[in-house]
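A short write-up of the structure that comes next.
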Amino acid sequence: MEHDEIGCQPAPEGPILCINNCGFFGSAATMNMCSKCHKDMVLKQENAKLAASSIENIVNGSSSSPSGKEPVIASTTVNVQVVSVEPKSISLSPTQASVSEEISEPKGKEGPKRCTTCNKRVGLTGFSCRCGNLFCGSHRYSDKHNCSFDYLNAARDAIAKANPVVKAEKLDKI
């Protein structure tokens with residue numbers, strides 16, 4: 001009696017299956033859909049709203065984003081006629097053409113990274129040496145790959161930079 005007076009509906013007798021027949025249970029809060037189907041439906045509606053508003057902006061010629069003043073209905077269909085556009089040819093002088101080709105040419109994908117000594121594939125685990133080469137775990141030390149880097153002079157220079165010579169001025173004799 002009390003439910004009839006207020007206008008509420010009583011709770012359902014048992015669990016309700018999803019209306020998309022996915023096998024999961026739905027709820028009245030998600031329009032009798034399971035949570036995954038409901039989330040997918042909401043995403044589709046948002047994408048449709050975005051597409052409709054972007055088409056509307058293109059058709060109207062406004063470049064500003066939608067401010068939300070006019071509601072967009074998800075089921076709106078917009079028929080847009082596609083008009084073919086003829087490409088214009090632009091002639092470049094030979095020097096400009098060669099420069100643009102060099103800039104726009106993408107670099108090719110390099111092969112797998114390999115150890116310089118044994119040519120073993122190292123991938124992400126390769127070790128870069130101060131001599132500028134890449135080595136595997138067994139050849140990473142300088143004595144294992146005949147390193148050309150001069151560690152002795154590099155250490156001397158580092159110590160000299162870190163410890164400058166401090167010399168006091170000579171005192172005048174009285």
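Note on naming: chains are A, B, ... as they come in the structure tokens, residues start from 1 per chain, ligands start from 1 in the order shown.
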Please provide as a VMD selection string all residues within 12 Å of segment 108-125 of chain A, with the sequence filter that same-chain residues fewer than 5 positions apart are discarded (counting only C-alpha atoms). chain A and resid 131 to 142 144 to 147
Could you please determine the separation between atom CA of Asn57 of chain A and atom CA of His38 of chain A in Å, to one decimal place? 28.6 Å
Taking the DSSP assignment computed from this structure's backbone, write out as a PyMOL selection string all residues of segment 115-144 of chain A that belong to strand (DSSP E or B). chain A and resi 121+127-128+134-135
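The spacing separating atom CA of Gly126 of chain A from atom CA of Ala155 of chain A amounts to 24.4 Å.
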Atomic separation - atom CA of Ala52 of chain A relative to atom CA of Lys36 of chain A, Å: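 These two atoms are separated by 24.3 Å.
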